Amino acid sequence: REVFFRILGKKIRGRRFLDLRCGVGTMGIEALSRGAGLVTFVDRSSRMIECTKKNLEIFDIKQGHAELVEIEAIPFLKRTEEAKRKWDVLFVGMPLEDDSAEMLEFFKRGVAVTKGSALVLEHASSLSLPERTGRLRRRKIVVQGDVTMTFYEFR
């Protein structure tokens, strides 16, 4: 988390942040504490969404700065494509099973991202993601043991 915010901290202030596979909302709450204007928290687990909601209350996050959505990641991206919603900074948490290729198919077409958006995919270190795909360009790779964060920019 520290590395993520050291790299992207300046891109967050006043921006729209997507915390996809949010778990208990740690990344999104940190983004709010660093000035994000709106964070969308998405997780398939009602238990995780409830934990995120409680964490937002604990940290006294004001109404209107967070939205919570209980849904799987891929169906969420399909809905997002139809609604043409976009975020400035997107963090995709570690999947239970690898769907990175399917995720990249959405993002490379411009689903959920806009010109200049930063996209970070968390994945197993054994998986290598492409340097370029569609309008996505890899900017950085951070390996932390078994987990890697791959940073992309949408052009």
# chains A, B, ... in the order shown; residues from 1 in each chain; ligands from 1
>>> closest_atom_pairs(of="segment 92-130 of chain A", to="segment 36-51 of chain A", cutoff="12 Å", atoms="only C-alpha atoms", output="CSV")
residue,atom,partner,partner_atom,distance
A:Val92,CA,A:Val42,CA,9.6
A:Gly93,CA,A:Asp43,CA,9.7
A:Met94,CA,A:Asp43,CA,11.5
A:Pro95,CA,A:Asp43,CA,10.9
A:Leu96,CA,A:Arg44,CA,11.3
A:Ala112,CA,A:Thr40,CA,11.5
>>> write_last_selection(atoms="N, CA and C atoms", output="PDB file, in the first residue's frame")
ATOM      1  N   VAL A  92      -7.060  -2.598  -8.744  1.00  0.00           N
ATOM      2  CA  VAL A  92      -7.736  -3.889  -8.843  1.00  0.00           C
ATOM      3  C   VAL A  92      -7.011  -4.857  -7.918  1.00  0.00           C
ATOM      4  N   GLY A  93      -7.663  -5.248  -6.835  1.00  0.00           N
ATOM      5  CA  GLY A  93      -7.058  -6.128  -5.844  1.00  0.00           C
ATOM      6  C   GLY A  93      -6.825  -7.537  -6.369  1.00  0.00           C
ATOM      7  N   MET A  94      -6.041  -8.252  -5.629  1.00  0.00           N
ATOM      8  CA  MET A  94      -5.633  -9.618  -5.971  1.00  0.00           C
ATOM      9  C   MET A  94      -6.848 -10.516  -6.205  1.00  0.00           C
ATOM     10  N   PRO A  95      -6.894 -11.196  -7.350  1.00  0.00           N
ATOM     11  CA  PRO A  95      -8.023 -12.095  -7.622  1.00  0.00           C
ATOM     12  C   PRO A  95      -7.867 -13.426  -6.908  1.00  0.00           C
ATOM     13  N   LEU A  96      -9.001 -14.074  -6.639  1.00  0.00           N
ATOM     14  CA  LEU A  96      -8.950 -15.428  -6.091  1.00  0.00           C
ATOM     15  C   LEU A  96      -8.468 -16.400  -7.158  1.00  0.00           C
ATOM     16  N   ALA A 112     -14.041   2.020 -18.139  1.00  0.00           N
ATOM     17  CA  ALA A 112     -13.764   2.536 -16.791  1.00  0.00           C
ATOM     18  C   ALA A 112     -12.586   3.507 -16.723  1.00  0.00           C
TER      19      ALA A 112
END
>>> residues_around(residues="segment 30-32 of chain A", least_positions_apart="5", cutoff="12 Å", atoms="only C-alpha atoms", output="JSON, numbers by chain")
{"A": [1, 2, 4, 5, 6, 8, 9, 10, 11, 12, 13, 14, 15, 16, 17, 18, 19, 22, 24, 25, 37, 38, 39, 40, 41, 55, 56, 59, 60, 61, 62, 64, 65, 66, 67, 88, 89, 90, 91]}
>>> select_by_dssp(residues="segment 35-140 of chain A", states="strand (DSSP E or B)", output="PyMOL selection string")
chain A and resi 38-43+66-70+86-92+112-124+132-133+136-140
